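Following: one structure in structure tokens, then a few remarks.
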Amino acid sequence: MCPLFWKRSELLFLILYAVAFYAIVIQRSLYLSHDHSRELYGLRRGWMFNRLNDLSDAQWRNFHGNLPILTFVLGLFTFGANTLRSQFYLKAKEMSVVWFLISLAYILHLHGACVAFVLSIASVNYFLAKILAKSKSYLYVLWIFNISILLLNRIYEGYSFSLFGNQWAFLDSYRGSFRWQICFNLVVLRMISFGCDYYWSIKETQFDHKKHIVCCSICSSGKACYHFLQERRLHSCQYSFITYLAYLLYAPLYIAGPIVSFNAFASQLDVPQRSHSVGDVAFYGLRWVLCFVLMETMTHFFYYNAFATSGLWRQLSPLEIFIIGYGVINFMWLKFLVIWRYFRFWSLVAGIETIENMPKCINNCYSLETFWKCWHASFNKWIVRYMYIPLGGSHKKLFNTWIIFTFVALWHDLEWKLISWAWLTCIFFIPEIVIKSSVSSFTSRSATGKLLLREMSAVAGAITITCLMVANLVGYVIGPSGTSWLISRLVKKDGFPVLGFIFLSFYVAVKLMFHIRDIKQNTKQI
């Protein structure tokens with residue numbers, strides 16, 4: 001009874017501390033937002049309780065402003081595609097044509113004449129695959145071509161038609177409402193996916209279908225899980241040009257994802273996803289509505305991102321800087337959750353299953369590895385399949401980390417602060433990898449040894465969360481130039497107690513995560 005009593009008492013203390021912590025954060029956030037509202041940029045008249053709404057983030061502002069028309073258009077597209085499929089019993093080839101035409105109309109509105117750039121680059125990538133896929137050097141060609149396109153798109157800012165001759169300059173007046181080079185980052189990932197999947201379809205497959213079906217609860221029930229759809233080999237005719245274009249331009253996922261592999265997409269054109277029933281999809285949509293309301297509540301009451309973009313955080317105390325930094329990270333997580341779940345919902349309605357991008361709350365991750373598996377999870381799966389494993393997997397984990405995060409930073413944008421964010425994350429990853437490999441070889445049977453290991457893990461988790469916050473603050477809030485100022489501000493006399501409070505709070509949070517993990521494991525065993 002003594003260990004159980006101690007565990008319950010500890011859990012009660014952790015919950016009370018968490019309640020007190022959030023009470024302080026919410027109270028200070030409300031005061032800050034109220035007192036500085038006239039000095040902040042990006043606030044607009046809101047609809048909740050006559051309060052201002054924080055629309056300082058361009059991505060959220062564009063999504064928020066275009067949500068009604070997006071919902072109408074995607075609803076119309078998915079209804080039309082599903083009606084044609086059911087009425088005329090269309091299969092993969094015909095559905096490829098349907099989705100290509102629908103998506104082409106969609107991106108013509110978004111990009112105008114710049115669709116010519118999208119289709120031209122996509123065509124070159126396709127014919128490189130068809131011509132060179134049997135060559136051993138093809139994957140090198142594929143990566144060099146796509147990374148070069150990624151960088152050139154940013155350097156030349158989507159190109160001007162006048163670069164190709166003055167007779168084409170008039171087309172620069174018809175570039176659409178959305179910069180094509182921004183969306184093309186996702187298209188690059190899809191082009192690489194197609195190239196790799198096609199290349200591997202020619203080789204011997206390593207995937208054991210029978211073993212997977214036995215082990216997978218979804219596949220053993222007669223359905224097909226996402227992993228099975230991704231790994232199974234397709235017939236050569238499914239790697240057609242029209243299916244490839246439908247995949248690249250697929251309207252529900254074109255703007256923001258989630259990312260789906262070519263194999264998984266092409267498989268579901270023939271047989272729509274059956275893993276989620278109509279009721280499941282409807283409930284998923286309802287959950288999205290609740291998440292959107294939560295986001296609206298957050299931006300109406302807490303102006304975290306406006307503080308970051310206005311540079312006003314430099315005038316705040318160390319505790320207030322921490323609260324703004326913590327709030328910005330939560331704002332970003334909720335923003336991406338709402339955007340990604342919205343587009344995933346429409347993809348599910350259209351019969352194409354994708355990976356859930358935010359499967360876990362940001363405040364329930366105590367290791368960098370877990371965090372990156374649960375933040376943009378479909379991108380993480382893409383990286384594992386097309387980069388991490390081909391580069392050597394766990395045998396070259398430390399080396400792979402630098403290559404992968406540098407690519408992720410360049411993929412996002414050509415900015416020094418993103419490179420700094422990537423390399424800081426790599427530096428913080430190294431001790432975690434080393435410690436994990438050491439702990440995995442250590443087993444303790446005594447109660448004291450287990451307690452000591454748990455406490456050390458909690459301290460390590462608190463350090464990890466602190467490092468994660470620093471990396472994200474540098475990458476998305478203060479930039480490299482603000483790092484030295486922040487450090488000098490925190491090491492002053494009034495900064496040390498705040499650092500102690502931050503570390504204690506993260507330590508308590510990790511211990512609470514351990515309890516949540518234990519409860520879930522015990523529930524599974526029952």
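So you can find residues: chains in the structure tokens are A, B, ... in the order shown, residues in each start at 1, and ligands are numbered from 1 in order.
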Notebook entry, point to check: Leaving out Ile182 of chain A and any residue of its chain fewer than 3 positions from it, which residues lie within 10 Å of it when counting only C-alpha atoms, given as a PyMOL selection string?
Noted result: chain A and resi 150+153-154+157-158+178-179+185-187+255-256+412-413
Produce a table with one row for each residue of segment 257-353 of chain A that has an atom at most 10 Å from any atom of segment 380-399 of chain A, each row naming the nearest atom pair and its distance in Å at one decimal; use only C-alpha atoms; arrange rows by chain and rising residue number; format as a tab-separated table.
residue	atom	partner	partner_atom	distance
A:Ile259	CA	A:Trp382	CA	7.5
A:Val260	CA	A:Trp382	CA	8.0
A:Ser261	CA	A:Trp382	CA	7.5
With N, CA, C and O atoms kept, could you save the residues just selected as a CSV table (one decimal), in the first residue's frame?
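The resulting file, again-v6.csv, is reproduced below:
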chain,number,residue,atom,x,y,z
A,259,ILE,N,0.9,15.1,-45.7
A,259,ILE,CA,1.7,14.5,-46.8
A,259,ILE,C,1.3,13.0,-46.9
A,259,ILE,O,1.3,12.3,-45.9
A,260,VAL,N,1.0,12.6,-48.1
A,260,VAL,CA,0.6,11.2,-48.4
A,260,VAL,C,1.6,10.7,-49.4
A,260,VAL,O,2.0,11.4,-50.4
A,261,SER,N,2.0,9.4,-49.3
A,261,SER,CA,3.0,8.9,-50.3
A,261,SER,C,2.2,8.5,-51.6
A,261,SER,O,1.0,8.4,-51.6
Q | Contact residues around Gln27 of chain A with only C-alpha atoms at 12 Å, ignoring same-chain residues under 4 positions, as a PyMOL selection string | A | chain A and resi 20-23+31-34+301-302+320+323
Quick one: everything within 7 Å of segment 493-497 of chain A, counting only C-alpha atoms, minus sequence neighbours fewer than 4 positions away in the same chain. Send it as a ChimeraX atom specification.
-> /A:318,489,501
Write out, as a PDB file, in the first residue's frame, the residues just selected, with N, CA and C atoms.
ATOM      1  N   PRO A 318      11.654  38.743 -17.285  1.00  0.00           N
ATOM      2  CA  PRO A 318      11.998  37.366 -17.658  1.00  0.00           C
ATOM      3  C   PRO A 318      10.816  36.398 -17.579  1.00  0.00           C
ATOM      4  N   ARG A 489      19.575  38.723 -20.430  1.00  0.00           N
ATOM      5  CA  ARG A 489      18.405  39.144 -19.633  1.00  0.00           C
ATOM      6  C   ARG A 489      18.074  38.113 -18.563  1.00  0.00           C
ATOM      7  N   PHE A 501      12.082  28.496 -11.620  1.00  0.00           N
ATOM      8  CA  PHE A 501      10.642  28.225 -11.753  1.00  0.00           C
ATOM      9  C   PHE A 501      10.344  27.472 -13.050  1.00  0.00           C
TER      10      PHE A 501
END
Practice prompt. Write out as a list in words the residues lying within 10 Å of segment 207-213 of chain A, counting only C-alpha atoms and excluding same-chain residues fewer than 6 positions away.
Written response: Cys219, Ser220, Ser221, Gly222, Lys223, Ala224, Cys225, His227, Phe228, Glu231, Arg232 and Arg233 of chain A
So that I have them on file, write out the residues from the current selection with C-alpha atoms, as an mmCIF file, in the first residue's frame.
data_model
loop_
_atom_site.group_PDB
_atom_site.id
_atom_site.type_symbol
_atom_site.label_atom_id
_atom_site.label_comp_id
_atom_site.auth_asym_id
_atom_site.auth_seq_id
_atom_site.Cartn_x
_atom_site.Cartn_y
_atom_site.Cartn_z
ATOM 1 C CA CYS A 219 -5.436 -5.334 -41.923
ATOM 2 C CA SER A 220 -6.417 -8.535 -40.105
ATOM 3 C CA SER A 221 -10.024 -7.254 -40.020
ATOM 4 C CA GLY A 222 -10.161 -7.146 -43.831
ATOM 5 C CA LYS A 223 -9.342 -3.449 -44.233
ATOM 6 C CA ALA A 224 -6.051 -1.869 -45.314
ATOM 7 C CA CYS A 225 -4.015 0.349 -42.992
ATOM 8 C CA HIS A 227 1.308 1.489 -43.815
ATOM 9 C CA PHE A 228 0.129 -1.443 -45.927
ATOM 10 C CA GLU A 231 4.495 -0.367 -48.700
ATOM 11 C CA ARG A 232 2.753 -2.714 -51.100
ATOM 12 C CA ARG A 233 3.926 -2.780 -54.702
#
- Skipping near chain neighbours, those fewer than 3 positions away, what residues fall within 6 Å of segment 94-99 of chain A using only C-alpha atoms, listed as an NGL selection string? :A and (90-91 or 102-103 or 243 or 246)
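Atom CA of Ser378 of chain A sits 27.2 Å away from atom CA of Thr523 of chain A.
Closest approach to Trp375 of chain A among A:Gly112, A:Gly176, A:Pro258, A:Gly285: A:Pro258, based on only C-alpha atoms.
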message: What parts of segment 119-301 of chain A does DSSP call alpha helix (DSSP H)? I'd like the answer as a PyMOL selection string.
response: chain A and resi 119-132+138-155+180-202+209-215+217-220+226-231+241-249+251-254+262-270+278-301
The distance between atom CA of Ala58 of chain A and atom CA of Arg38 of chain A is 19.5 Å
Q | Near-Cys467 of chain A list (10 Å; only C-alpha atoms; drop same-chain fewer than 6 positions) as a PyMOL selection string | A | chain A and resi 368+424-425+427-429+461+473
